[in-house]
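Participant: For reference, this is run_21.tsv, and it has TSV, C-alpha atoms.
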chain	number	residue	atom	x	y	z
A	1	MET	CA	64.33	80.95	8.46
A	2	ASP	CA	63.18	79.69	11.87
A	3	GLU	CA	66.10	78.13	13.72
A	4	ASP	CA	64.18	74.97	14.56
A	5	LEU	CA	63.03	74.51	10.96
A	6	ASN	CA	66.60	74.85	9.82
A	7	LEU	CA	67.65	72.13	12.25
A	8	ILE	CA	64.77	69.91	11.08
A	9	ILE	CA	65.86	70.23	7.45
A	10	ARG	CA	69.41	69.29	8.44
A	11	ILE	CA	68.12	66.30	10.42
A	12	GLU	CA	66.08	65.14	7.43
A	13	ASN	CA	69.29	65.30	5.42
A	14	GLY	CA	70.90	62.97	7.94
A	15	GLU	CA	72.93	65.40	10.01
A	16	ARG	CA	73.58	63.82	13.39
A	17	GLU	CA	74.83	67.08	14.86
A	18	ALA	CA	71.53	68.86	14.15
A	19	PHE	CA	69.71	66.01	15.88
A	20	ASN	CA	71.82	66.43	19.04
A	21	GLU	CA	71.39	70.20	18.94
A	22	LEU	CA	67.61	69.97	18.89
A	23	VAL	CA	67.51	67.46	21.75
A	24	LEU	CA	69.87	69.53	23.90
A	25	LYS	CA	67.78	72.63	23.25
A	26	TYR	CA	64.49	71.22	24.49
A	27	GLN	CA	65.29	68.37	26.85
A	28	LYS	CA	65.47	70.41	30.07
A	29	PRO	CA	62.29	72.49	29.68
A	30	LEU	CA	60.39	69.40	28.48
A	31	TYR	CA	61.68	67.32	31.39
A	32	SER	CA	60.66	70.09	33.81
A	33	LEU	CA	57.12	70.16	32.43
A	34	LEU	CA	56.83	66.37	32.41
A	35	TYR	CA	58.16	66.07	35.94
A	36	ARG	CA	55.64	68.64	37.21
A	37	MET	CA	52.89	66.61	35.52
A	38	VAL	CA	53.87	63.15	36.72
A	39	SER	CA	55.98	63.90	39.83
A	40	ASP	CA	58.35	61.02	39.20
A	41	HIS	CA	61.85	61.04	37.68
A	42	ASP	CA	61.61	57.64	35.97
A	43	ASP	CA	58.26	58.44	34.40
A	44	ALA	CA	59.45	61.88	33.37
A	45	SER	CA	62.63	60.44	31.84
A	46	ASP	CA	60.69	57.77	29.96
A	47	LEU	CA	58.20	60.33	28.69
A	48	LEU	CA	61.00	62.63	27.60
A	49	GLN	CA	62.53	59.90	25.44
A	50	LYS	CA	59.15	58.94	24.01
A	51	THR	CA	58.38	62.56	23.17
A	52	PHE	CA	61.56	63.03	21.17
A	53	PHE	CA	61.23	59.57	19.60
A	54	LYS	CA	57.71	60.31	18.44
A	55	ALA	CA	58.72	63.74	17.16
A	56	PHE	CA	61.73	62.51	15.16
A	57	THR	CA	60.03	59.45	13.70
A	58	GLY	CA	57.01	61.57	12.82
A	59	LEU	CA	58.82	64.57	11.33
A	60	LYS	CA	57.08	64.00	8.03
A	61	GLY	CA	53.78	64.53	9.85
A	62	PHE	CA	54.84	67.91	11.19
A	63	GLU	CA	52.73	70.24	9.08
A	64	ARG	CA	54.49	73.41	10.27
A	65	ARG	CA	51.22	75.15	11.02
A	66	SER	CA	52.57	75.79	14.52
A	67	SER	CA	56.14	76.12	15.74
A	68	PHE	CA	58.20	72.99	16.32
A	69	LYS	CA	58.36	73.89	20.03
A	70	THR	CA	54.55	73.99	20.30
A	71	TRP	CA	54.27	70.72	18.41
A	72	LEU	CA	56.86	69.11	20.71
A	73	TYR	CA	55.01	70.29	23.82
A	74	GLN	CA	51.73	68.93	22.43
A	75	ILE	CA	53.31	65.51	21.98
A	76	ALA	CA	54.75	65.62	25.52
A	77	ILE	CA	51.44	66.61	27.10
A	78	ASN	CA	49.48	63.97	25.21
A	79	LEU	CA	51.92	61.29	26.32
A	80	ALA	CA	51.94	62.54	29.92
A	81	LYS	CA	48.15	62.45	30.12
A	82	ASN	CA	48.34	58.66	29.95
A	83	VAL	CA	50.68	58.54	32.93
A	84	TYR	CA	48.90	61.21	34.96
A	85	ARG	CA	49.60	60.59	38.60
A	86	ASP	CA	46.81	60.67	41.12
A	87	ARG	CA	48.11	63.12	43.63
A	88	SER	CA	46.09	61.49	46.35
A	89	ARG	CA	48.62	58.68	46.23
A	90	ILE	CA	51.32	60.99	47.58
A	91	GLU	CA	51.90	59.78	51.09
A	92	LYS	CA	52.09	62.17	53.91
A	93	VAL	CA	55.16	61.62	56.08
A	94	PRO	CA	54.24	61.84	59.77
A	95	ILE	CA	56.29	64.49	61.50
A	96	ASP	CA	57.28	62.06	64.27
A	97	ASP	CA	59.17	59.88	61.75
A	98	VAL	CA	61.45	62.73	60.77
A	99	ILE	CA	64.71	63.10	62.64
A	100	ILE	CA	64.84	66.66	63.90
A	101	ARG	CA	68.34	67.93	64.14
A	102	ARG	CA	69.34	70.75	66.41
A	103	ASP	CA	69.30	73.20	63.53
A	104	PRO	CA	67.15	76.33	63.39
A	105	LYS	CA	66.81	75.88	59.70
A	106	THR	CA	65.41	72.38	60.07
A	107	LEU	CA	61.98	73.59	61.14
A	108	GLU	CA	61.92	76.13	58.36
A	109	THR	CA	62.87	73.42	55.91
A	110	LEU	CA	60.18	71.15	57.26
A	111	ILE	CA	57.58	73.88	56.98
A	112	LYS	CA	58.64	74.51	53.44
A	113	GLN	CA	58.48	70.82	52.67
A	114	GLU	CA	55.07	70.56	54.27
A	115	SER	CA	53.85	73.57	52.29
A	116	GLY	CA	55.27	72.11	49.12
A	117	LEU	CA	53.53	68.83	49.77
A	118	ARG	CA	50.26	70.61	50.46
A	119	LEU	CA	50.65	72.61	47.28
A	120	ARG	CA	51.32	69.50	45.20
A	121	GLN	CA	48.34	67.75	46.70
A	122	SER	CA	46.13	70.76	46.01
A	123	LEU	CA	47.39	70.98	42.44
A	124	ALA	CA	46.53	67.33	41.95
A	125	GLU	CA	42.92	68.07	42.80
A	126	LEU	CA	42.55	70.52	39.95
A	127	PRO	CA	40.99	69.44	36.66
A	128	LYS	CA	43.65	68.38	34.13
A	129	LYS	CA	43.31	71.34	31.78
A	130	GLN	CA	43.36	73.88	34.60
A	131	ARG	CA	46.36	72.24	36.25
A	132	LEU	CA	48.23	72.11	32.98
A	133	THR	CA	47.45	75.74	32.19
A	134	LEU	CA	48.68	76.77	35.64
A	135	ILE	CA	51.91	74.76	35.27
A	136	LEU	CA	52.59	76.20	31.83
A	137	ARG	CA	51.82	79.77	32.89
A	138	VAL	CA	53.39	79.93	36.34
A	139	GLN	CA	56.11	77.29	36.44
A	140	GLU	CA	57.07	77.15	32.77
A	141	ALA	CA	56.60	80.89	32.22
A	142	LYS	CA	54.70	80.46	28.97
A	143	LYS	CA	52.71	83.30	27.41
A	144	PHE	CA	49.01	82.79	26.88
A	145	GLU	CA	49.56	82.68	23.11
A	146	GLU	CA	51.93	79.75	23.56
A	147	ILE	CA	49.60	78.02	26.02
A	148	ALA	CA	46.72	78.36	23.54
A	149	GLY	CA	48.88	76.81	20.80
A	150	ILE	CA	50.03	73.92	22.97
A	151	MET	CA	46.58	73.15	24.32
A	152	LYS	CA	44.87	73.79	20.99
A	153	CYS	CA	42.43	76.32	22.35
A	154	SER	CA	41.82	80.04	22.01
A	155	ILE	CA	43.78	82.59	24.01
A	156	GLY	CA	40.56	83.51	25.80
A	157	THR	CA	40.02	79.90	26.84
A	158	ALA	CA	43.61	79.65	28.04
A	159	LYS	CA	43.16	82.77	30.16
A	160	ALA	CA	39.85	81.54	31.52
A	161	ASN	CA	41.41	78.18	32.45
A	162	TYR	CA	44.21	80.01	34.21
A	163	HIS	CA	41.90	82.23	36.26
A	164	HIS	CA	39.64	79.35	37.23
A	165	ALA	CA	42.68	77.27	38.19
A	166	VAL	CA	44.04	79.98	40.48
A	167	GLN	CA	40.70	80.54	42.18
A	168	LYS	CA	40.18	76.85	42.71
A	169	LEU	CA	43.72	76.33	43.99
A	170	LYS	CA	43.27	79.10	46.54
A	171	LYS	CA	40.06	77.50	47.70
A	172	ILE	CA	41.61	74.01	47.99
A	173	MET	CA	44.69	75.32	49.79
A	174	GLY	CA	42.44	77.11	52.22
A	175	GLU	CA	40.49	73.91	52.83
A	176	ASN	CA	43.69	71.88	53.28
A	177	GLN	CA	45.08	74.20	55.95
B	1	MET	CA	37.41	88.78	44.74
B	2	CYS	CA	39.49	90.97	42.45
B	3	SER	CA	38.17	91.26	38.92
B	4	ASN	CA	41.24	92.94	37.44
B	5	THR	CA	42.27	90.10	35.12
B	6	ASP	CA	44.99	92.16	33.44
B	7	ILE	CA	46.89	92.49	36.71
B	8	LYS	CA	46.24	88.87	37.63
B	9	GLU	CA	47.66	87.70	34.32
B	10	MET	CA	50.84	89.66	34.92
B	11	LEU	CA	51.51	88.30	38.41
B	12	PRO	CA	53.67	85.31	37.34
B	13	ALA	CA	55.82	87.55	35.15
B	14	TYR	CA	56.04	90.10	37.99
B	15	LEU	CA	57.28	87.40	40.36
B	16	GLU	CA	59.97	86.38	37.92
B	17	GLN	CA	60.86	90.02	37.26
B	18	ARG	CA	60.10	89.76	33.59
B	19	LEU	CA	57.80	92.78	33.44
B	20	GLU	CA	58.76	96.16	32.05
B	21	GLU	CA	59.24	98.76	34.76
B	22	GLU	CA	56.03	100.63	33.95
B	23	TRP	CA	53.93	97.48	34.29
B	24	ALA	CA	55.80	96.30	37.39
B	25	LEU	CA	54.97	99.58	39.15
B	26	ARG	CA	51.33	99.23	38.20
B	27	VAL	CA	51.23	95.73	39.70
B	28	GLU	CA	52.92	96.88	42.92
B	29	LYS	CA	50.47	99.73	43.31
B	30	HIS	CA	47.56	97.33	42.84
B	31	LEU	CA	48.96	94.86	45.37
B	32	GLU	CA	49.02	97.53	48.04
B	33	THR	CA	45.22	97.62	48.05
B	34	CYS	CA	44.14	94.16	46.89
B	35	ASP	CA	44.09	91.26	49.42
B	36	ASP	CA	42.97	88.79	46.79
B	37	CYS	CA	45.93	89.49	44.52
B	38	ARG	CA	48.35	89.42	47.44
B	39	ALA	CA	47.10	85.93	48.38
B	40	GLU	CA	47.34	84.93	44.77
B	41	ILE	CA	50.90	86.15	44.36
B	42	LYS	CA	51.90	84.24	47.50
B	43	LEU	CA	50.41	81.07	46.08
B	44	LEU	CA	52.09	81.61	42.73
B	45	GLY	CA	55.36	82.23	44.53
B	46	MET	CA	55.07	78.81	46.17
B	47	MET	CA	54.51	77.21	42.80
B	48	ILE	CA	57.48	78.95	41.21
B	49	SER	CA	59.75	78.01	44.10
B	50	GLU	CA	58.83	74.33	43.62
B	51	GLN	CA	62.01	73.16	41.98
B	52	VAL	CA	62.28	70.20	39.70
B	53	PRO	CA	65.06	67.88	40.89
B	54	ASP	CA	68.00	67.96	38.50
B	55	PRO	CA	68.83	64.42	37.34
B	56	GLY	CA	72.45	65.41	36.72
B	57	GLU	CA	74.77	66.20	33.82
B	58	ALA	CA	75.30	62.56	32.95
B	59	PHE	CA	71.57	62.21	32.33
B	60	TRP	CA	71.46	65.22	30.01
B	61	ALA	CA	74.61	64.22	28.16
B	62	ALA	CA	73.37	60.67	27.50
B	63	MET	CA	69.85	61.62	26.35
B	64	PRO	CA	70.58	62.57	22.70
B	65	GLU	CA	72.47	59.31	22.08
B	66	ARG	CA	69.74	57.24	23.72
B	67	ILE	CA	67.05	58.83	21.59
B	68	TYR	CA	69.12	58.59	18.41
B	69	ARG	CA	69.66	54.84	18.91
B	70	ASN	CA	65.93	54.26	19.37
B	71	VAL	CA	65.14	56.26	16.26
B	72	GLN	CA	67.74	54.32	14.25
B	73	LYS	CA	66.27	51.01	15.45
B	74	MET	CA	62.82	52.07	14.30
B	75	GLU	CA	64.14	53.21	10.91
B	76	GLU	CA	65.91	49.85	10.48
B	77	LYS	CA	62.73	47.94	11.34
B	78	LYS	CA	60.81	49.98	8.77
B	79	ARG	CA	63.45	49.26	6.11
B	80	LEU	CA	63.35	45.51	6.81
B	81	ARG	CA	59.57	45.51	6.69
B	82	LEU	CA	59.63	47.25	3.31
B	83	ILE	CA	62.13	44.71	1.99
B	84	ASP	CA	59.87	41.84	3.13
B	85	ILE	CA	56.86	43.36	1.44
B	86	SER	CA	58.85	44.09	-1.68
B	87	SER	CA	60.24	40.54	-1.95
B	88	LEU	CA	56.79	39.05	-1.35
B	89	TRP	CA	55.41	41.20	-4.12
B	90	ASN	CA	58.22	40.15	-6.44
B	91	ARG	CA	57.54	36.47	-5.69
B	92	MET	CA	53.92	37.01	-6.68
B	93	LEU	CA	54.94	38.78	-9.87
B	94	LEU	CA	57.73	36.40	-10.97
B	95	PRO	CA	55.71	33.76	-12.90
B	96	ARG	CA	54.01	36.22	-15.17
B	97	TRP	CA	53.73	33.67	-17.93
B	98	ALA	CA	51.93	31.43	-15.42
B	99	TRP	CA	49.46	34.18	-14.70
B	100	SER	CA	48.89	34.65	-18.45
B	101	VAL	CA	48.34	30.94	-19.02
B	102	THR	CA	46.00	30.73	-16.04
B	103	ALA	CA	44.01	33.68	-17.28
B	104	ALA	CA	43.76	32.22	-20.77
B	105	ALA	CA	42.68	28.84	-19.38
B	106	LEU	CA	40.02	30.49	-17.27
B	107	VAL	CA	38.65	32.38	-20.24
B	108	LEU	CA	38.54	29.13	-22.23
B	109	VAL	CA	36.72	27.24	-19.49
B	110	VAL	CA	34.20	30.01	-19.07
B	111	THR	CA	33.63	30.13	-22.79
B	112	LEU	CA	33.06	26.38	-22.97
B	113	LEU	CA	30.67	26.45	-20.05
B	114	ILE	CA	28.64	29.44	-21.14
B	115	VAL	CA	28.60	29.15	-24.94
B	116	LYS	CA	26.83	26.00	-26.23
B	117	PRO	CA	28.47	24.36	-29.22
B	118	LEU	CA	26.66	24.92	-32.58
B	119	PRO	CA	24.82	21.91	-34.12
B	120	LYS	CA	26.51	20.35	-37.13
B	121	ASP	CA	25.06	21.49	-40.48
B	122	VAL	CA	24.87	18.28	-42.55
B	123	SER	CA	24.52	20.10	-45.86
B	124	THR	CA	27.92	21.67	-45.38
B	125	ILE	CA	29.64	18.36	-44.80
B	126	THR	CA	31.24	17.27	-48.03
B	127	PRO	CA	31.41	13.49	-48.42
B	128	ASN	CA	34.73	12.02	-49.29
B	129	GLY	CA	33.44	10.54	-52.56
B	130	ASP	CA	32.65	7.11	-51.24
B	131	ASP	CA	29.51	6.11	-49.61
B	132	ALA	CA	31.22	5.29	-46.37
B	133	ALA	CA	31.49	8.94	-45.35
B	134	TYR	CA	27.84	9.54	-46.11
B	135	ASP	CA	26.92	6.46	-44.17
B	136	GLU	CA	28.98	7.54	-41.22
B	137	SER	CA	27.50	10.98	-41.22
B	138	THR	CA	23.88	9.98	-41.49
B	139	VAL	CA	23.59	6.60	-39.93
B	140	MET	CA	22.62	6.85	-36.32
B	141	ASP	CA	23.36	4.23	-33.77
B	142	THR	CA	20.61	1.73	-33.92
B	143	PRO	CA	18.86	1.78	-30.60
B	144	GLY	CA	18.32	-1.54	-28.98
B	145	LEU	CA	14.83	-2.85	-29.70
B	146	THR	CA	14.45	-3.74	-26.03
B	147	GLU	CA	14.33	-0.03	-25.29
B	148	PHE	CA	11.01	0.39	-27.07
B	149	SER	CA	7.59	-0.73	-25.97
B	150	GLN	CA	5.40	-2.91	-28.19
B	151	THR	CA	3.24	0.07	-29.10
B	152	GLU	CA	6.30	2.01	-30.18
B	153	LEU	CA	7.55	-0.94	-32.24
B	154	ASP	CA	4.20	-1.24	-33.99
B	155	ASP	CA	4.32	2.45	-34.78
B	156	VAL	CA	7.80	2.12	-36.23
B	157	SER	CA	6.76	-0.86	-38.28
B	158	ARG	CA	3.75	0.98	-39.74
B	159	TRP	CA	5.92	3.97	-40.55
B	160	ALA	CA	8.51	1.77	-42.26
B	161	ASP	CA	5.82	0.06	-44.32
B	162	ASN	CA	4.49	3.41	-45.46
B	163	GLU	CA	7.94	4.61	-46.41
B	164	LEU	CA	8.78	1.46	-48.28
B	165	ALA	CA	5.45	1.53	-50.07
B	166	SER	CA	6.05	5.03	-51.31
B	167	LEU	CA	9.56	4.07	-52.29
B	168	GLY	CA	8.28	1.06	-54.16
B	169	ASN	CA	5.83	3.25	-56.03
B	170	GLU	CA	8.59	5.60	-56.98
B	171	ILE	CA	10.68	2.79	-58.28
B	172	VAL	CA	7.79	1.51	-60.39
B	173	ASP	CA	7.16	5.02	-61.65
B	174	VAL	CA	10.75	5.35	-62.61
B	175	PHE	CA	10.62	2.17	-64.72
B	176	ILE	CA	7.34	3.14	-66.32
B	177	SER	CA	8.12	6.79	-67.01
B	178	THR	CA	11.56	6.29	-68.36
B	179	PRO	CA	11.54	3.16	-70.48
B	180	GLU	CA	14.45	4.38	-72.58
B	181	ARG	CA	16.64	4.56	-69.62
B	182	ASP	CA	19.10	1.85	-69.17
B	183	ILE	CA	18.40	-0.07	-66.01
B	184	HIS	CA	22.07	-0.09	-65.25
B	185	GLU	CA	22.13	3.70	-65.37
B	186	ASP	CA	19.26	3.88	-62.97
B	187	LEU	CA	20.83	1.35	-60.67
B	188	SER	CA	24.09	3.24	-60.70
B	189	ASP	CA	22.28	6.31	-59.41
B	190	LEU	CA	21.31	4.45	-56.29
B	191	ASN	CA	23.59	4.26	-53.36
B	192	ARG	CA	24.35	1.06	-51.60
B	193	GLN	CA	21.65	1.47	-49.01
B	194	GLU	CA	19.03	2.10	-51.60
B	195	ILE	CA	20.20	-0.90	-53.56
B	196	GLU	CA	20.04	-3.14	-50.55
B	197	HIS	CA	16.63	-1.82	-49.72
B	198	LEU	CA	15.50	-2.42	-53.29
B	199	SER	CA	16.90	-5.88	-53.22
B	200	ARG	CA	15.02	-6.74	-50.06
B	201	ARG	CA	11.83	-5.33	-51.44
B	202	LEU	CA	12.16	-7.33	-54.64
B	203	GLU	CA	12.69	-10.50	-52.64
B	204	GLU	CA	9.58	-9.75	-50.67
B	205	LEU	CA	7.62	-9.14	-53.80
B	206	GLU	CA	8.85	-12.42	-55.23
B	207	GLN	CA	7.84	-14.22	-52.08
B	208	GLU	CA	4.44	-12.67	-52.18
B	209	GLY	CA	4.05	-13.99	-55.55
Give the structure from the file, written as structure tokens.
Facilitator:
Amino acid sequence: MDEDLNLIIRIENGEREAFNELVLKYQKPLYSLLYRMVSDHDDASDLLQKTFFKAFTGLKGFERRSSFKTWLYQIAINLAKNVYRDRSRIEKVPIDDVIIRRDPKTLETLIKQESGLRLRQSLAELPKKQRLTLILRVQEAKKFEEIAGIMKCSIGTAKANYHHAVQKLKKIMGENQ
Amino acid sequence: MCSNTDIKEMLPAYLEQRLEEEWALRVEKHLETCDDCRAEIKLLGMMISEQVPDPGEAFWAAMPERIYRNVQKMEEKKRLRLIDISSLWNRMLLPRWAWSVTAAALVLVVTLLIVKPLPKDVSTITPNGDDAAYDESTVMDTPGLTEFSQTELDDVSRWADNELASLGNEIVDVFISTPERDIHEDLSDLNRQEIEHLSRRLEELEQEG
């Protein structure tokens, strides 16, 4: 039997240990996805709790047509969509305000930080579905089959979203340079 | 722009060194000649290197307990709500006899309102043996004479005269046709009202001469 299903059955029988096991298994990858979507620790933490809360209180509604992992990710994404941050609100820190230490690595760090900021801003300009597909594929290392399950679309659509997202991101990054 | 979607789809896995050797070599060979894919892999590399800040071990350790408490609170609320509904339902069901009585009363009221009572059949009423019962069952309340107009009173008077005349004739016929009959027998056949009526009529006849 699927390991997750086994844990679910044990949870339904009241086993506290199974409950902890399931949370510990998925809390880090879910938090990572949520953080990438909302870019804020407090929001990501709140969403993480809500995701598990909704999953455990709605276990009877889990029809087992997909895996528990896919179902959990669907809940997380749906909740995160309501708290979707507008990337344009990310403030740019003027370089003059940063204390530059006499360290050769400082400039490199700054460049990296600047690149990271530019990347995040460019990602924010992508349509939601494309951005999500890109995050799931590149940063969460999900296969297209999993992405299709989570986003409730076909594998072809997931792939198309991915390709369009990459092309658009390249274009936006080029424009933001 | 490169149209080799198979290679493009493998780039993230290549970056994370999750590809089988054969496929990794194919990607590397493609990258040697494709500018578009090289730019893409650089971009993807930036995304992968974007680390999510780790909130710390204390955060991870506390999460299961936090979630469990919230779930327990919700379960408790649900249980209390069910108890409230259940007790309310029981309160509604408790006076079952009251519901039965109410239903019966309603049926009775509806019956009385919808179904008109049947008129009394006089022929089925058995008198008690004395004339009082008969009188009570047939005598109607005398309407007040002030309720009638003069024309109506004249009509009643004419009607009464006709009735009395016919009655008088009957009486005479009785005496003529049955001479052997004892008058007392005949009189005993009359009821009190008839006797009184006869008495009045005889007085009138005497007065007339």
Participant: Give me, as a list in words, all polymer residues having an atom no more than 9 Å from A:Glu140, counting all atoms listed in the file and skipping those fewer than 2 positions away in the same chain.
Facilitator: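 Contacts, in chain order: Pro29, Ser32, Leu33, Leu134, Ile135, Leu136, Arg137, Val138 and Lys142 of chain A; Ile48 of chain B.
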Participant: Using only C-alpha atoms, pick whichever of A:Arg16, A:Lys60, A:Lys128, A:Lys152 has the shortest atom-to-atom distance to chain B.
Facilitator: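 Of A:Arg16, A:Lys60, A:Lys128, A:Lys152, the one nearest chain B is A:Arg16, counting only C-alpha atoms.
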Participant: Can you list, as a ChimeraX atom specification, every protein, DNA or RNA residue that comes within 10 Å of B:Ala61 when you count only C-alpha atoms, leaving out same-chain residues fewer than 5 positions away?
Facilitator: /A:20,24 /B:56,66
Participant: Compute the chain B side of the contact with chain A at 8 Å, counting all atoms listed in the file, and hand it back as a PDB file with C-alpha atoms, in the frame of the given file.
Facilitator:
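The new file selection.pdb reads:
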ATOM      1  CA  THR B   5      42.270  90.100  35.120  1.00  0.00           C
ATOM      2  CA  GLU B   9      47.660  87.700  34.320  1.00  0.00           C
ATOM      3  CA  PRO B  12      53.670  85.310  37.340  1.00  0.00           C
ATOM      4  CA  ALA B  13      55.820  87.550  35.150  1.00  0.00           C
ATOM      5  CA  GLU B  40      47.340  84.930  44.770  1.00  0.00           C
ATOM      6  CA  LEU B  43      50.410  81.070  46.080  1.00  0.00           C
ATOM      7  CA  LEU B  44      52.090  81.610  42.730  1.00  0.00           C
ATOM      8  CA  MET B  46      55.070  78.810  46.170  1.00  0.00           C
ATOM      9  CA  MET B  47      54.510  77.210  42.800  1.00  0.00           C
ATOM     10  CA  ILE B  48      57.480  78.950  41.210  1.00  0.00           C
ATOM     11  CA  GLU B  50      58.830  74.330  43.620  1.00  0.00           C
ATOM     12  CA  VAL B  52      62.280  70.200  39.700  1.00  0.00           C
ATOM     13  CA  PRO B  55      68.830  64.420  37.340  1.00  0.00           C
ATOM     14  CA  TRP B  60      71.460  65.220  30.010  1.00  0.00           C
ATOM     15  CA  MET B  63      69.850  61.620  26.350  1.00  0.00           C
ATOM     16  CA  PRO B  64      70.580  62.570  22.700  1.00  0.00           C
ATOM     17  CA  GLU B  65      72.470  59.310  22.080  1.00  0.00           C
ATOM     18  CA  ARG B  66      69.740  57.240  23.720  1.00  0.00           C
ATOM     19  CA  ILE B  67      67.050  58.830  21.590  1.00  0.00           C
ATOM     20  CA  TYR B  68      69.120  58.590  18.410  1.00  0.00           C
ATOM     21  CA  ASN B  70      65.930  54.260  19.370  1.00  0.00           C
ATOM     22  CA  VAL B  71      65.140  56.260  16.260  1.00  0.00           C
ATOM     23  CA  MET B  74      62.820  52.070  14.300  1.00  0.00           C
ATOM     24  CA  GLU B  75      64.140  53.210  10.910  1.00  0.00           C
TER      25      GLU B  75
END
Participant: Would you compute the distance between atom CA of A:Arg64 and atom CA of A:Leu132? Give it in Å to one decimal.
Facilitator: 23.6 Å
Participant: Using Å and a single decimal, report how far atom CA of A:Ala44 sits from atom CA of B:Pro53.
Facilitator: 11.1 Å
Participant: Please compute the atom CA of B:Gln72-atom CA of A:Leu72 distance, one decimal, in Å.
Facilitator: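 Between these atoms lies a distance of 19.5 Å.
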Participant: Hey, which of A:Glu15, A:Ile9, A:Asp46, A:Asn78 ends up closest to A:Leu59? Count all atoms listed in the file.
Facilitator: A:Ile9
Participant: Find the residue from A:Leu5, A:Glu125, A:Leu30, A:Glu63 that sits nearest to A:Ala18; use all atoms listed in the file when measuring.
Facilitator: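 For A:Ala18, the nearest of the candidates is A:Leu5.
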Participant: Taking all atoms listed in the file into account, which of B:Asp155, B:Glu16, B:Glu163, B:Asp189 comes nearest B:Ser49?
Facilitator: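 Closest residue, counting all atoms listed in the file: B:Glu16.
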Participant: Can you sort out the box for stretch 25-39 of chain B, edges along x, y and z, all listed atoms in, 8 Å on every side, with centre and edge lengths in Å to one decimal, as lines of an AutoDock Vina configuration file?
Facilitator:
center_x = 49.0
center_y = 92.8
center_z = 43.8
size_x = 28.0
size_y = 29.8
size_z = 27.2
Participant: Just checking: using only C-alpha atoms, which residue out of B:Asp36, B:Glu208, B:Arg26, B:Thr102 ends up closest to A:Lys171?
Facilitator: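 Closest candidate: B:Asp36.
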Participant: Determine the nearest neighbour of A:Asn6 from the options A:Phe68, A:Ile75, A:Gln130, A:Met37, counting only C-alpha atoms.
Facilitator: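 Among the listed residues, the smallest separation from A:Asn6 belongs to A:Phe68.
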Participant: Got a sec to write stretch 33-45 of chain B of the block to a file, N, CA and C atoms, as a JSON list (two decimals), in the first residue's frame?
Facilitator:
[["chain", "number", "residue", "atom", "x", "y", "z"],
["B", 33, "THR", "N", 26.31, 23.98, -29.21],
["B", 33, "THR", "CA", 25.95, 24.65, -30.47],
["B", 33, "THR", "C", 24.70, 25.52, -30.36],
["B", 34, "CYS", "N", 24.06, 25.55, -29.20],
["B", 34, "CYS", "CA", 22.79, 26.29, -29.12],
["B", 34, "CYS", "C", 22.90, 27.46, -28.13],
["B", 35, "ASP", "N", 22.89, 28.70, -28.64],
["B", 35, "ASP", "CA", 22.97, 29.90, -27.78],
["B", 35, "ASP", "C", 21.72, 30.03, -26.90],
["B", 36, "ASP", "N", 20.59, 29.71, -27.54],
["B", 36, "ASP", "CA", 19.31, 29.89, -26.84],
["B", 36, "ASP", "C", 19.27, 29.00, -25.58],
["B", 37, "CYS", "N", 19.67, 27.77, -25.74],
["B", 37, "CYS", "CA", 19.64, 26.84, -24.60],
["B", 37, "CYS", "C", 20.71, 27.20, -23.57],
["B", 38, "ARG", "N", 21.81, 27.76, -24.01],
["B", 38, "ARG", "CA", 22.84, 28.18, -23.03],
["B", 38, "ARG", "C", 22.30, 29.34, -22.19],
["B", 39, "ALA", "N", 21.61, 30.27, -22.83],
["B", 39, "ALA", "CA", 21.01, 31.40, -22.08],
["B", 39, "ALA", "C", 19.94, 30.88, -21.13],
["B", 40, "GLU", "N", 19.23, 29.89, -21.64],
["B", 40, "GLU", "CA", 18.15, 29.33, -20.80],
["B", 40, "GLU", "C", 18.72, 28.63, -19.59],
["B", 41, "ILE", "N", 19.76, 27.86, -19.77],
["B", 41, "ILE", "CA", 20.33, 27.11, -18.65],
["B", 41, "ILE", "C", 20.94, 28.06, -17.62],
["B", 42, "LYS", "N", 21.42, 29.20, -18.08],
["B", 42, "LYS", "CA", 21.97, 30.20, -17.16],
["B", 42, "LYS", "C", 20.85, 30.77, -16.29],
["B", 43, "LEU", "N", 19.74, 31.06, -16.95],
["B", 43, "LEU", "CA", 18.58, 31.60, -16.25],
["B", 43, "LEU", "C", 18.05, 30.59, -15.24],
["B", 44, "LEU", "N", 17.95, 29.36, -15.67],
["B", 44, "LEU", "CA", 17.44, 28.32, -14.79],
["B", 44, "LEU", "C", 18.39, 28.11, -13.60],
["B", 45, "GLY", "N", 19.67, 28.25, -13.87],
["B", 45, "GLY", "CA", 20.66, 28.14, -12.82],
["B", 45, "GLY", "C", 20.45, 29.20, -11.75]]
